[in-house]
$ cat query18.pdb   # PDB, C-alpha atoms
ATOM      1  CA  MET W   1      55.349  25.761   6.679
ATOM      2  CA  ASN W   2      57.337  28.142   4.447
ATOM      3  CA  ARG W   3      60.518  27.318   6.349
ATOM      4  CA  LEU W   4      60.207  23.615   5.503
ATOM      5  CA  TRP W   5      60.399  24.412   1.773
ATOM      6  CA  LEU W   6      63.909  25.769   2.307
ATOM      7  CA  TYR W   7      65.100  22.277   3.207
ATOM      8  CA  LEU W   8      63.786  20.755  -0.005
ATOM      9  CA  PRO W   9      67.008  21.198  -2.064
ATOM     10  CA  LEU W  10      69.002  19.704   0.808
ATOM     11  CA  ALA W  11      66.612  16.760   0.979
ATOM     12  CA  VAL W  12      66.929  16.237  -2.783
ATOM     13  CA  PHE W  13      70.714  16.406  -2.446
ATOM     14  CA  PHE W  14      70.752  13.720   0.251
ATOM     15  CA  LEU W  15      68.359  11.595  -1.775
ATOM     16  CA  LEU W  16      70.778  11.708  -4.732
ATOM     17  CA  LEU W  17      73.718  11.050  -2.399
ATOM     18  CA  GLY W  18      71.932   8.019  -0.988
ATOM     19  CA  PHE W  19      71.138   6.775  -4.486
ATOM     20  CA  ALA W  20      74.779   7.123  -5.544
ATOM     21  CA  ALA W  21      75.997   5.381  -2.375
ATOM     22  CA  TYR W  22      73.552   2.534  -2.962
ATOM     23  CA  GLN W  23      74.646   2.104  -6.580
ATOM     24  CA  LEU W  24      78.323   2.101  -5.539
ATOM     25  CA  SER W  25      77.645  -0.772  -3.144
ATOM     26  CA  GLN W  26      75.958  -2.863  -5.839
ATOM     27  CA  PRO W  27      78.014  -5.379  -7.819
ATOM     28  CA  LYS W  28      78.560  -4.052 -11.339
ATOM     29  CA  ASP W  29      78.202  -6.110 -14.477
ATOM     30  CA  GLU W  30      81.697  -5.786 -15.935
ATOM     31  CA  PHE W  31      80.834  -7.239 -19.314
ATOM     32  CA  VAL W  32      79.804  -5.701 -22.586
ATOM     33  CA  ARG W  33      77.186  -8.188 -23.736
ATOM     34  CA  SER W  34      76.548  -9.022 -27.349
ATOM     35  CA  ALA W  35      73.460  -7.528 -28.963
ATOM     36  CA  MET W  36      73.441 -10.383 -31.483
ATOM     37  CA  ILE W  37      71.381 -12.865 -29.441
ATOM     38  CA  GLY W  38      68.424 -13.894 -31.610
ATOM     39  CA  GLN W  39      70.190 -12.663 -34.758
ATOM     40  CA  PRO W  40      71.582 -14.900 -37.516
ATOM     41  CA  LEU W  41      75.334 -15.426 -37.529
ATOM     42  CA  PRO W  42      77.031 -12.726 -39.598
ATOM     43  CA  ASN W  43      78.525 -14.040 -42.797
ATOM     44  CA  PHE W  44      82.176 -15.107 -42.493
ATOM     45  CA  THR W  45      84.696 -17.574 -43.848
ATOM     46  CA  LEU W  46      87.854 -18.299 -41.896
ATOM     47  CA  PRO W  47      90.831 -20.469 -42.869
ATOM     48  CA  ALA W  48      91.887 -23.554 -40.922
ATOM     49  CA  ALA W  49      94.085 -22.742 -37.933
ATOM     50  CA  MET W  50      96.500 -25.589 -38.673
ATOM     51  CA  PRO W  51      97.700 -27.170 -41.916
ATOM     52  CA  GLY W  52      95.483 -30.115 -42.845
ATOM     53  CA  GLY W  53      92.577 -28.852 -40.760
ATOM     54  CA  GLN W  54      89.296 -27.523 -42.060
ATOM     55  CA  GLY W  55      88.175 -23.911 -42.110
ATOM     56  CA  VAL W  56      84.916 -22.592 -40.706
ATOM     57  CA  SER W  57      82.250 -20.492 -42.366
ATOM     58  CA  ALA W  58      78.905 -19.159 -41.161
ATOM     59  CA  SER W  59      76.984 -21.420 -43.537
ATOM     60  CA  ASP W  60      78.433 -24.520 -41.778
ATOM     61  CA  PHE W  61      76.124 -23.748 -38.861
ATOM     62  CA  ALA W  62      72.836 -23.876 -40.740
ATOM     63  CA  ASP W  63      72.645 -27.677 -41.134
ATOM     64  CA  GLY W  64      70.090 -28.337 -38.386
ATOM     65  CA  GLN W  65      72.529 -29.186 -35.610
ATOM     66  CA  PRO W  66      73.125 -26.755 -32.730
ATOM     67  CA  ARG W  67      76.778 -26.091 -31.910
ATOM     68  CA  LEU W  68      79.028 -24.246 -29.519
ATOM     69  CA  LEU W  69      81.243 -21.566 -31.023
ATOM     70  CA  ASN W  70      84.263 -21.041 -28.779
ATOM     71  CA  PHE W  71      86.642 -18.087 -29.108
ATOM     72  CA  TRP W  72      90.018 -18.872 -27.545
ATOM     73  CA  ALA W  73      93.767 -18.548 -28.011
ATOM     74  CA  SER W  74      96.868 -20.460 -26.987
ATOM     75  CA  TRP W  75      98.188 -17.276 -25.331
ATOM     76  CA  CYS W  76      95.022 -16.794 -23.244
ATOM     77  CA  LEU W  77      95.541 -18.013 -19.685
ATOM     78  CA  PRO W  78      91.868 -18.556 -18.711
ATOM     79  CA  CYS W  79      91.599 -20.751 -21.821
ATOM     80  CA  VAL W  80      93.881 -23.257 -20.070
ATOM     81  CA  ALA W  81      91.471 -23.392 -17.116
ATOM     82  CA  GLU W  82      88.565 -23.809 -19.502
ATOM     83  CA  ALA W  83      90.056 -26.697 -21.524
ATOM     84  CA  PRO W  84      88.986 -29.654 -19.304
ATOM     85  CA  HIS W  85      85.396 -28.359 -19.169
ATOM     86  CA  LEU W  86      85.251 -28.112 -22.960
ATOM     87  CA  ASP W  87      86.385 -31.764 -22.993
ATOM     88  CA  THR W  88      83.461 -32.603 -20.688
ATOM     89  CA  LEU W  89      81.057 -30.747 -22.995
ATOM     90  CA  ARG W  90      82.344 -32.699 -25.991
ATOM     91  CA  ASP W  91      82.030 -35.995 -24.058
ATOM     92  CA  GLU W  92      78.421 -35.036 -23.261
ATOM     93  CA  GLY W  93      77.728 -34.752 -26.993
ATOM     94  CA  ALA W  94      78.303 -31.077 -27.747
ATOM     95  CA  THR W  95      79.891 -30.165 -31.074
ATOM     96  CA  ILE W  96      82.394 -27.381 -30.466
ATOM     97  CA  ILE W  97      83.788 -25.169 -33.210
ATOM     98  CA  GLY W  98      86.891 -23.238 -32.177
ATOM     99  CA  ILE W  99      88.046 -19.879 -33.461
ATOM    100  CA  ALA W 100      91.621 -19.121 -32.428
ATOM    101  CA  ILE W 101      92.245 -15.393 -32.127
ATOM    102  CA  ARG W 102      95.596 -13.858 -33.149
ATOM    103  CA  ASP W 103      97.373 -17.181 -32.905
ATOM    104  CA  ARG W 104     100.111 -19.166 -34.663
ATOM    105  CA  PRO W 105      99.662 -22.744 -35.943
ATOM    106  CA  GLU W 106     102.630 -24.051 -33.923
ATOM    107  CA  ASP W 107     101.303 -22.481 -30.704
ATOM    108  CA  ILE W 108      97.836 -23.912 -31.335
ATOM    109  CA  ALA W 109      99.341 -27.376 -31.914
ATOM    110  CA  ARG W 110     101.331 -27.099 -28.671
ATOM    111  CA  PHE W 111      98.256 -25.981 -26.703
ATOM    112  CA  ILE W 112      96.157 -28.850 -28.041
ATOM    113  CA  GLY W 113      98.969 -31.298 -27.328
ATOM    114  CA  GLN W 114      99.060 -30.167 -23.709
ATOM    115  CA  HIS W 115      95.387 -29.541 -22.977
ATOM    116  CA  GLY W 116      93.486 -31.792 -25.396
ATOM    117  CA  ASN W 117      91.394 -31.025 -28.464
ATOM    118  CA  PRO W 118      87.637 -30.723 -27.862
ATOM    119  CA  TYR W 119      87.067 -29.057 -31.253
ATOM    120  CA  ALA W 120      85.381 -30.469 -34.350
ATOM    121  CA  ALA W 121      87.198 -27.760 -36.327
ATOM    122  CA  ILE W 122      89.487 -24.854 -35.490
ATOM    123  CA  ALA W 123      89.676 -21.756 -37.664
ATOM    124  CA  SER W 124      91.942 -18.801 -37.125
ATOM    125  CA  ASP W 125      90.994 -15.136 -36.989
ATOM    126  CA  ASP W 126      94.090 -12.930 -36.990
ATOM    127  CA  ILE W 127      92.318  -9.580 -36.712
ATOM    128  CA  SER W 128      89.363 -10.507 -34.436
ATOM    129  CA  ALA W 129      87.038  -9.816 -37.382
ATOM    130  CA  VAL W 130      84.464 -12.492 -36.492
ATOM    131  CA  GLN W 131      84.685 -11.563 -32.817
ATOM    132  CA  LEU W 132      83.711  -7.984 -33.680
ATOM    133  CA  ALA W 133      80.969  -9.160 -36.046
ATOM    134  CA  LEU W 134      79.462 -11.249 -33.235
ATOM    135  CA  GLY W 135      79.736  -8.575 -30.553
ATOM    136  CA  SER W 136      82.147 -10.679 -28.516
ATOM    137  CA  SER W 137      84.042  -8.784 -25.839
ATOM    138  CA  GLY W 138      87.101 -10.905 -25.129
ATOM    139  CA  LEU W 139      88.662 -14.311 -24.604
ATOM    140  CA  PRO W 140      87.554 -16.926 -23.907
ATOM    141  CA  GLU W 141      83.949 -16.673 -24.943
ATOM    142  CA  THR W 142      81.382 -19.269 -26.010
ATOM    143  CA  PHE W 143      78.243 -18.837 -28.102
ATOM    144  CA  VAL W 144      75.397 -21.311 -28.611
ATOM    145  CA  ILE W 145      74.358 -21.336 -32.292
ATOM    146  CA  ASP W 146      71.173 -23.182 -33.222
ATOM    147  CA  GLY W 147      70.656 -25.412 -36.268
ATOM    148  CA  ARG W 148      69.411 -22.510 -38.388
ATOM    149  CA  GLY W 149      72.560 -20.526 -37.705
ATOM    150  CA  VAL W 150      70.938 -18.157 -35.198
ATOM    151  CA  VAL W 151      72.925 -16.954 -32.171
ATOM    152  CA  ARG W 152      71.049 -18.128 -29.086
ATOM    153  CA  TYR W 153      73.252 -17.647 -26.026
ATOM    154  CA  GLN W 154      76.506 -15.984 -25.021
ATOM    155  CA  HIS W 155      78.799 -17.140 -22.227
ATOM    156  CA  ILE W 156      81.450 -14.535 -21.368
ATOM    157  CA  GLY W 157      84.676 -15.704 -19.715
ATOM    158  CA  ASP W 158      86.053 -19.173 -19.122
ATOM    159  CA  VAL W 159      83.646 -22.098 -18.898
ATOM    160  CA  ARG W 160      83.809 -23.545 -15.380
ATOM    161  CA  ALA W 161      82.374 -26.792 -14.058
ATOM    162  CA  GLU W 162      79.134 -25.045 -13.006
ATOM    163  CA  HIS W 163      78.618 -23.646 -16.524
ATOM    164  CA  VAL W 164      78.727 -27.059 -18.244
ATOM    165  CA  PRO W 165      75.094 -27.995 -17.410
ATOM    166  CA  VAL W 166      73.954 -24.460 -18.340
ATOM    167  CA  LEU W 167      75.556 -24.704 -21.780
ATOM    168  CA  LEU W 168      74.185 -28.236 -22.314
ATOM    169  CA  ALA W 169      70.697 -26.965 -21.404
ATOM    170  CA  GLU W 170      71.074 -24.035 -23.831
ATOM    171  CA  LEU W 171      72.131 -26.481 -26.557
ATOM    172  CA  ARG W 172      69.038 -28.609 -25.870
ATOM    173  CA  LYS W 173      66.878 -25.465 -25.943
ATOM    174  CA  ALA W 174      68.460 -24.474 -29.269
ATOM    175  CA  ALA W 175      67.704 -27.934 -30.691
ATOM    176  CA  ARG W 176      63.969 -27.509 -30.136
TER     177      ARG W 176
ATOM    178  CA  MET A   1     114.689   2.507   9.880
ATOM    179  CA  THR A   2     116.947   1.714   6.923
ATOM    180  CA  ARG A   3     115.910  -1.926   7.202
ATOM    181  CA  THR A   4     112.236  -1.001   6.980
ATOM    182  CA  LEU A   5     113.039   1.218   4.033
ATOM    183  CA  SER A   6     114.924  -1.476   2.153
ATOM    184  CA  LEU A   7     112.133  -3.954   2.945
ATOM    185  CA  ALA A   8     109.605  -1.519   1.540
ATOM    186  CA  ALA A   9     111.770  -1.001  -1.539
ATOM    187  CA  ALA A  10     112.042  -4.759  -2.055
ATOM    188  CA  ALA A  11     108.273  -5.150  -1.688
ATOM    189  CA  LEU A  12     107.716  -2.338  -4.174
ATOM    190  CA  ALA A  13     110.139  -3.934  -6.640
ATOM    191  CA  ALA A  14     108.382  -7.295  -6.254
ATOM    192  CA  CYS A  15     105.015  -5.623  -6.909
ATOM    193  CA  LEU A  16     106.391  -3.887  -9.998
ATOM    194  CA  ILE A  17     107.831  -7.125 -11.363
ATOM    195  CA  ALA A  18     104.567  -8.984 -10.738
ATOM    196  CA  TRP A  19     102.600  -6.130 -12.272
ATOM    197  CA  THR A  20     104.670  -5.989 -15.462
ATOM    198  CA  ALA A  21     105.064  -9.767 -15.771
ATOM    199  CA  VAL A  22     101.368 -10.677 -15.791
ATOM    200  CA  PRO A  23     100.230  -8.756 -18.892
ATOM    201  CA  ALA A  24     103.375  -9.841 -20.751
ATOM    202  CA  ALA A  25     102.434 -13.486 -20.206
ATOM    203  CA  ALA A  26      98.944 -12.900 -21.598
ATOM    204  CA  GLN A  27      99.998 -11.306 -24.898
ATOM    205  CA  ASP A  28      99.621 -12.845 -28.300
ATOM    206  CA  ALA A  29     102.603 -13.570 -30.552
ATOM    207  CA  LEU A  30     101.175 -12.095 -33.753
ATOM    208  CA  PRO A  31     102.126  -8.621 -34.950
ATOM    209  CA  PRO A  32      99.329  -6.039 -34.602
ATOM    210  CA  ALA A  33      96.698  -5.826 -37.349
ATOM    211  CA  PRO A  34      97.966  -3.807 -40.362
ATOM    212  CA  TYR A  35      96.045  -0.627 -39.538
ATOM    213  CA  ALA A  36      96.168  -0.897 -35.742
ATOM    214  CA  TYR A  37      99.015   1.619 -35.556
ATOM    215  CA  ARG A  38      99.427   2.702 -39.196
ATOM    216  CA  GLU A  39      97.653   5.837 -40.320
ATOM    217  CA  LEU A  40      95.572   6.014 -43.473
ATOM    218  CA  ASP A  41      97.266   7.753 -46.423
ATOM    219  CA  ASP A  42      94.323  10.094 -46.939
ATOM    220  CA  SER A  43      94.618  12.636 -44.119
ATOM    221  CA  ARG A  44      90.897  13.498 -44.184
ATOM    222  CA  GLN A  45      89.936   9.853 -43.806
ATOM    223  CA  GLU A  46      92.537   9.411 -41.061
ATOM    224  CA  ALA A  47      91.083  12.394 -39.170
ATOM    225  CA  ALA A  48      87.564  10.938 -39.438
ATOM    226  CA  ALA A  49      88.775   7.500 -38.311
ATOM    227  CA  ARG A  50      90.711   8.982 -35.415
ATOM    228  CA  ALA A  51      87.755  11.062 -34.212
ATOM    229  CA  LEU A  52      85.605   7.938 -34.217
ATOM    230  CA  MET A  53      88.269   5.874 -32.419
ATOM    231  CA  HIS A  54      88.259   8.363 -29.543
ATOM    232  CA  ASP A  55      84.511   7.835 -29.332
ATOM    233  CA  LEU A  56      84.504   4.025 -29.157
ATOM    234  CA  ARG A  57      84.898   2.000 -25.977
ATOM    235  CA  CYS A  58      87.539  -0.704 -25.768
ATOM    236  CA  VAL A  59      85.544  -3.814 -24.820
ATOM    237  CA  THR A  60      88.375  -5.541 -22.955
ATOM    238  CA  CYS A  61      89.470  -2.375 -21.111
ATOM    239  CA  GLN A  62      86.249  -0.462 -20.636
ATOM    240  CA  GLY A  63      87.624   2.735 -19.105
ATOM    241  CA  GLN A  64      89.575   3.507 -22.280
ATOM    242  CA  SER A  65      88.715   4.390 -25.827
ATOM    243  CA  ILE A  66      90.181   2.167 -28.552
ATOM    244  CA  ALA A  67      92.416   5.102 -29.523
ATOM    245  CA  ASP A  68      94.016   5.080 -26.059
ATOM    246  CA  SER A  69      94.354   1.344 -25.477
ATOM    247  CA  ASP A  70      97.201  -1.005 -26.330
ATOM    248  CA  ALA A  71      95.055  -4.128 -25.903
ATOM    249  CA  PRO A  72      95.280  -6.428 -28.953
ATOM    250  CA  MET A  73      91.509  -6.280 -29.425
ATOM    251  CA  ALA A  74      91.564  -2.469 -29.374
ATOM    252  CA  GLY A  75      94.225  -2.668 -32.118
ATOM    253  CA  ASP A  76      91.959  -4.949 -34.131
ATOM    254  CA  MET A  77      89.080  -2.491 -33.624
ATOM    255  CA  ARG A  78      91.247   0.397 -34.849
ATOM    256  CA  HIS A  79      92.150  -1.693 -37.893
ATOM    257  CA  PHE A  80      88.450  -2.334 -38.427
ATOM    258  CA  VAL A  81      87.541   1.369 -38.159
ATOM    259  CA  ARG A  82      90.347   2.482 -40.501
ATOM    260  CA  THR A  83      89.614  -0.149 -43.171
ATOM    261  CA  ARG A  84      85.881   0.659 -43.120
ATOM    262  CA  ILE A  85      86.544   4.398 -43.423
ATOM    263  CA  ALA A  86      89.109   3.762 -46.175
ATOM    264  CA  ALA A  87      86.471   1.675 -47.983
ATOM    265  CA  GLY A  88      84.263   4.763 -48.122
ATOM    266  CA  GLN A  89      81.912   4.293 -45.158
ATOM    267  CA  ASN A  90      81.275   7.331 -42.999
ATOM    268  CA  ALA A  91      81.849   7.391 -39.249
ATOM    269  CA  GLU A  92      78.146   7.071 -38.412
ATOM    270  CA  GLU A  93      77.797   3.917 -40.517
ATOM    271  CA  VAL A  94      80.765   2.327 -38.723
ATOM    272  CA  ARG A  95      79.426   3.390 -35.311
ATOM    273  CA  GLY A  96      75.996   2.016 -36.231
ATOM    274  CA  TRP A  97      77.507  -1.327 -37.273
ATOM    275  CA  LEU A  98      79.240  -1.669 -33.910
ATOM    276  CA  GLU A  99      76.192  -0.508 -31.924
ATOM    277  CA  GLN A 100      74.142  -3.157 -33.703
ATOM    278  CA  ARG A 101      76.541  -5.773 -32.298
ATOM    279  CA  TYR A 102      77.503  -4.384 -28.895
ATOM    280  CA  GLY A 103      74.653  -2.037 -28.051
ATOM    281  CA  ASP A 104      74.892   1.692 -27.197
ATOM    282  CA  TYR A 105      77.569   1.004 -24.581
ATOM    283  CA  ILE A 106      80.268   0.616 -27.255
ATOM    284  CA  SER A 107      79.958   4.318 -28.087
ATOM    285  CA  TYR A 108      80.943   7.090 -25.690
ATOM    286  CA  ARG A 109      78.576   9.518 -27.393
ATOM    287  CA  PRO A 110      75.340   9.535 -25.424
ATOM    288  CA  SER A 111      72.308   8.676 -27.519
ATOM    289  CA  PHE A 112      68.792   9.954 -26.943
ATOM    290  CA  GLY A 113      66.738   6.943 -25.902
ATOM    291  CA  ARG A 114      64.309   5.442 -23.427
ATOM    292  CA  ALA A 115      66.871   5.290 -20.620
ATOM    293  CA  THR A 116      68.758   8.510 -21.383
ATOM    294  CA  TRP A 117      66.092  11.112 -22.223
ATOM    295  CA  PRO A 118      66.134  12.698 -18.705
ATOM    296  CA  LEU A 119      69.794  13.627 -19.262
ATOM    297  CA  PHE A 120      68.755  15.823 -22.156
ATOM    298  CA  VAL A 121      65.372  17.053 -20.894
ATOM    299  CA  LEU A 122      66.163  17.790 -17.233
ATOM    300  CA  PRO A 123      68.788  20.534 -17.785
ATOM    301  CA  VAL A 124      66.405  22.402 -20.097
ATOM    302  CA  LEU A 125      63.578  21.979 -17.585
ATOM    303  CA  LEU A 126      65.719  23.130 -14.639
ATOM    304  CA  GLY A 127      66.950  26.091 -16.694
ATOM    305  CA  LEU A 128      63.372  27.102 -17.458
ATOM    306  CA  ILE A 129      62.380  26.810 -13.784
ATOM    307  CA  ALA A 130      65.393  28.926 -12.789
ATOM    308  CA  LEU A 131      64.459  31.516 -15.418
ATOM    309  CA  VAL A 132      60.875  31.691 -14.138
ATOM    310  CA  ILE A 133      62.076  32.120 -10.536
ATOM    311  CA  ILE A 134      64.565  34.853 -11.527
ATOM    312  CA  LEU A 135      61.985  36.710 -13.618
ATOM    313  CA  ARG A 136      59.464  36.579 -10.771
ATOM    314  CA  ARG A 137      62.064  37.775  -8.263
ATOM    315  CA  VAL A 138      63.232  40.611 -10.515
ATOM    316  CA  GLY A 139      59.652  41.530 -11.345
ATOM    317  CA  GLY A 140      58.826  41.406  -7.615
ATOM    318  CA  THR A 141      61.643  43.781  -6.601
ATOM    319  CA  ARG A 142      60.725  46.208  -9.380
ATOM    320  CA  SER A 143      57.121  46.418  -8.308
ATOM    321  CA  ALA A 144      58.323  46.760  -4.694
ATOM    322  CA  VAL A 145      60.579  49.688  -5.686
ATOM    323  CA  GLN A 146      57.823  51.357  -7.640
TER     324      GLN A 146
END

$ encode --input "query18.pdb" --output "structure tokens"
Amino acid sequence: MNRLWLYLPLAVFFLLLGFAAYQLSQPKDEFVRSAMIGQPLPNFTLPAAMPGGQGVSASDFADGQPRLLNFWASWCLPCVAEAPHLDTLRDEGATIIGIAIRDRPEDIARFIGQHGNPYAAIASDDISAVQLALGSSGLPETFVIDGRGVVRYQHIGDVRAEHVPVLLAELRKAAR
Amino acid sequence: MTRTLSLAAAALAACLIAWTAVPAAAQDALPPAPYAYRELDDSRQEAAARALMHDLRCVTCQGQSIADSDAPMAGDMRHFVRTRIAAGQNAEEVRGWLEQRYGDYISYRPSFGRATWPLFVLPVLLGLIALVIILRRVGGTRSAVQ
């Protein structure tokens, strides 16, 4: 009986080893998720991304209509892959506000010329200030904002075909 | 032999080119944010900002702190930290602001919470157990000698 106690540390060691091995084999969530879900949009005002366009401010979102807030950039490669699916979302009735990160007006114009413009307005954020304020972890990224200006859902990474119905459902949920 | 070597060298060169070309294609055209690489004039504030930057996780390159990363977003975060410190906020206020938005994960400094308390309590507990065992052993040998 006493002898068996001697093996206890070894057993604990193997238990920990097994736990570590199990965790290593599990897929890891690579994303830093925003802690702002359920919180009101932080206050911001951004200038229009292109001459003649309109800027975007946080108060624009509190008019009763839910919207998508899409962070993107002309230099971001996954944003090219995402573009047709944003067009689909717009065709399905979603209002999409774009915030172009660290971008130049001429590059934005070229991108839109090539890949279409799904946006109701595009503002530019040269120092990722609004991205940081929203807890966004990269490009592209899409938030669902409800009609009271509250952040309701975060989609990290490019929007693919399978995400379109999810985002539309989240918009409907936000409209309730 | 030499053919295999030159093939390997060519493959290595191709890998290097591919490796360096991809990030270059995904870079923005804007210059970095004003305080991404520029130090604050006040050396005490700069030291405080720098200490905090080593403590904050880069969200696009999670293995690195924002002080160590050249990612554009890490530059923007350094700019953010420096301007907040220059505006008179202390490091804990800036850290708190970011934790409110990104959660505890943004900070490398472990916080005492519901998920992390064993990390702080267990070492103390194990130390106490070890102390008790040692004291009993030492006490045991003494009484055996006497």

$ closest_atom_pairs --input "query18.pdb" --of "chain W" --to "chain A" --cutoff "10 Å" --atoms "all atoms listed in the file" --output "CSV"
residue,atom,partner,partner_atom,distance
W:Glu30,CA,A:Gln62,CA,8.4
W:Phe31,CA,A:Val59,CA,8.0
W:Val32,CA,A:Val59,CA,6.4
W:Arg33,CA,A:Tyr102,CA,6.4
W:Ser34,CA,A:Tyr102,CA,5.0
W:Ala35,CA,A:Arg101,CA,4.9
W:Met36,CA,A:Arg101,CA,5.6
W:Ile37,CA,A:Arg101,CA,9.2
W:Gln39,CA,A:Arg101,CA,9.7
W:Ala73,CA,A:Asp28,CA,8.2
W:Ser74,CA,A:Asp28,CA,8.2
W:Trp75,CA,A:Asp28,CA,5.5
W:Cys76,CA,A:Ala26,CA,5.8
W:Leu77,CA,A:Ala26,CA,6.4
W:Pro78,CA,A:Ala26,CA,9.5
W:Ile101,CA,A:Asp28,CA,8.7
W:Arg102,CA,A:Leu30,CA,5.9
W:Asp103,CA,A:Leu30,CA,6.4
W:Arg104,CA,A:Leu30,CA,7.2
W:Asp107,CA,A:Ala29,CA,9.0
W:Asp126,CA,A:Ala33,CA,7.6
W:Ile127,CA,A:Asp76,CA,5.3
W:Ser128,CA,A:Asp76,CA,6.1
W:Ala129,CA,A:Asp76,CA,7.6
W:Gln131,CA,A:Met73,CA,9.3
W:Leu132,CA,A:Arg101,CA,7.6
W:Ala133,CA,A:Arg101,CA,6.7
W:Leu134,CA,A:Arg101,CA,6.3
W:Gly135,CA,A:Arg101,CA,4.6
W:Ser136,CA,A:Tyr102,CA,7.8
W:Ser137,CA,A:Val59,CA,5.3
W:Gly138,CA,A:Thr60,CA,5.9
W:Leu139,CA,A:Thr60,CA,8.9

$ residues_around --input "query18.pdb" --residues "segment 145-148 of chain W" --least-positions-apart "4" --cutoff "9 Å" --atoms "all atoms listed in the file" --output "list of chain:residue names"
W:Pro40, W:Leu41, W:Phe61, W:Ala62, W:Asp63, W:Gly64, W:Gln65, W:Pro66, W:Arg67, W:Leu68, W:Leu69, W:Arg152, W:Tyr153, W:Leu171, W:Lys173, W:Ala174, W:Ala175, W:Arg176

$ axis_aligned_box --input "query18.pdb" --around "segment 86-103 of chain A" --padding-each-side "8 Å" --output "lines of an AutoDock Vina configuration file"
center_x = 81.6
center_y = 0.8
center_z = -38.1
size_x = 31.0
size_y = 29.2
size_z = 36.1

$ atom_distance --input "query18.pdb" --atom1 "atom CA of Ala161 of chain W" --atom2 "atom CA of Leu89 of chain W"
9.9 Å

$ atom_distance --input "query18.pdb" --atom1 "atom CA of Val56 of chain W" --atom2 "atom CA of Ala123 of chain W"
5.7 Å

$ resolve_selection --input "query18.pdb" --expression "the PyMOL selection byres ((chain W and resi 44) around 8)" --output "list in words"
Pro42, Asn43, Thr45, Leu46, Ser57, Ala58 and Val130 of chain W

$ residues_around --input "query18.pdb" --residues "Phe111 of chain W" --least-positions-apart "5" --cutoff "10 Å" --atoms "all atoms listed in the file" --output "number ranges by chain"
W: 73-75, 79-80, 83, 105-106, 116-117

$ atom_distance --input "query18.pdb" --atom1 "atom CA of Gly113 of chain W" --atom2 "atom CA of Gln154 of chain W"
27.3 Å

$ resolve_selection --input "query18.pdb" --expression "the PyMOL selection byres ((chain A and resi 88-91) around 12)" --output "VMD selection string"
chain A and resid 42 44 to 56 80 to 87 92 to 98 107

$ closest_residue --input "query18.pdb" --among "W:Ala109, W:Val12, W:Leu86, W:Ile96" --to "Val164 of chain W" --atoms "all atoms listed in the file"
W:Leu86

$ residues_around --input "query18.pdb" --residues "Ala48 of chain W" --least-positions-apart "4" --cutoff "7 Å" --atoms "only C-alpha atoms" --output "tab-separated table (two decimals) with C-alpha atoms, keeping the file's coordinate frame"
chain	number	residue	atom	x	y	z
W	53	GLY	CA	92.58	-28.85	-40.76
W	54	GLN	CA	89.30	-27.52	-42.06
W	55	GLY	CA	88.18	-23.91	-42.11
W	122	ILE	CA	89.49	-24.85	-35.49
W	123	ALA	CA	89.68	-21.76	-37.66
W	124	SER	CA	91.94	-18.80	-37.12

$ build_atoms --input "query18.pdb" --residues "segment 136-144 of chain W" --atoms "N, CA, C and O atoms" --output "PDB file, keeping the file's coordinate frame"
ATOM      1  N   SER W 136      81.452  -9.982 -29.605  1.00  0.00           N
ATOM      2  CA  SER W 136      82.147 -10.679 -28.516  1.00  0.00           C
ATOM      3  C   SER W 136      83.153  -9.735 -27.870  1.00  0.00           C
ATOM      4  O   SER W 136      83.807  -8.958 -28.549  1.00  0.00           O
ATOM      5  N   SER W 137      83.269  -9.810 -26.534  1.00  0.00           N
ATOM      6  CA  SER W 137      84.042  -8.784 -25.839  1.00  0.00           C
ATOM      7  C   SER W 137      85.374  -9.263 -25.303  1.00  0.00           C
ATOM      8  O   SER W 137      86.038  -8.537 -24.582  1.00  0.00           O
ATOM      9  N   GLY W 138      85.789 -10.488 -25.616  1.00  0.00           N
ATOM     10  CA  GLY W 138      87.101 -10.905 -25.129  1.00  0.00           C
ATOM     11  C   GLY W 138      87.292 -12.396 -25.239  1.00  0.00           C
ATOM     12  O   GLY W 138      86.535 -13.093 -25.911  1.00  0.00           O
ATOM     13  N   LEU W 139      88.321 -12.890 -24.575  1.00  0.00           N
ATOM     14  CA  LEU W 139      88.662 -14.311 -24.604  1.00  0.00           C
ATOM     15  C   LEU W 139      88.701 -14.869 -23.189  1.00  0.00           C
ATOM     16  O   LEU W 139      89.158 -14.166 -22.301  1.00  0.00           O
ATOM     17  N   PRO W 140      88.327 -16.121 -22.965  1.00  0.00           N
ATOM     18  CA  PRO W 140      87.554 -16.926 -23.907  1.00  0.00           C
ATOM     19  C   PRO W 140      86.089 -16.547 -23.871  1.00  0.00           C
ATOM     20  O   PRO W 140      85.626 -15.921 -22.921  1.00  0.00           O
ATOM     21  N   GLU W 141      85.378 -16.950 -24.882  1.00  0.00           N
ATOM     22  CA  GLU W 141      83.949 -16.673 -24.943  1.00  0.00           C
ATOM     23  C   GLU W 141      83.277 -17.776 -25.760  1.00  0.00           C
ATOM     24  O   GLU W 141      83.884 -18.292 -26.692  1.00  0.00           O
ATOM     25  N   THR W 142      82.048 -18.143 -25.365  1.00  0.00           N
ATOM     26  CA  THR W 142      81.382 -19.269 -26.010  1.00  0.00           C
ATOM     27  C   THR W 142      79.951 -18.888 -26.386  1.00  0.00           C
ATOM     28  O   THR W 142      79.217 -18.373 -25.543  1.00  0.00           O
ATOM     29  N   PHE W 143      79.598 -19.117 -27.639  1.00  0.00           N
ATOM     30  CA  PHE W 143      78.243 -18.837 -28.102  1.00  0.00           C
ATOM     31  C   PHE W 143      77.531 -20.155 -28.402  1.00  0.00           C
ATOM     32  O   PHE W 143      78.156 -21.116 -28.851  1.00  0.00           O
ATOM     33  N   VAL W 144      76.221 -20.194 -28.160  1.00  0.00           N
ATOM     34  CA  VAL W 144      75.397 -21.311 -28.611  1.00  0.00           C
ATOM     35  C   VAL W 144      74.729 -20.870 -29.916  1.00  0.00           C
ATOM     36  O   VAL W 144      74.073 -19.822 -29.954  1.00  0.00           O
TER      37      VAL W 144
END
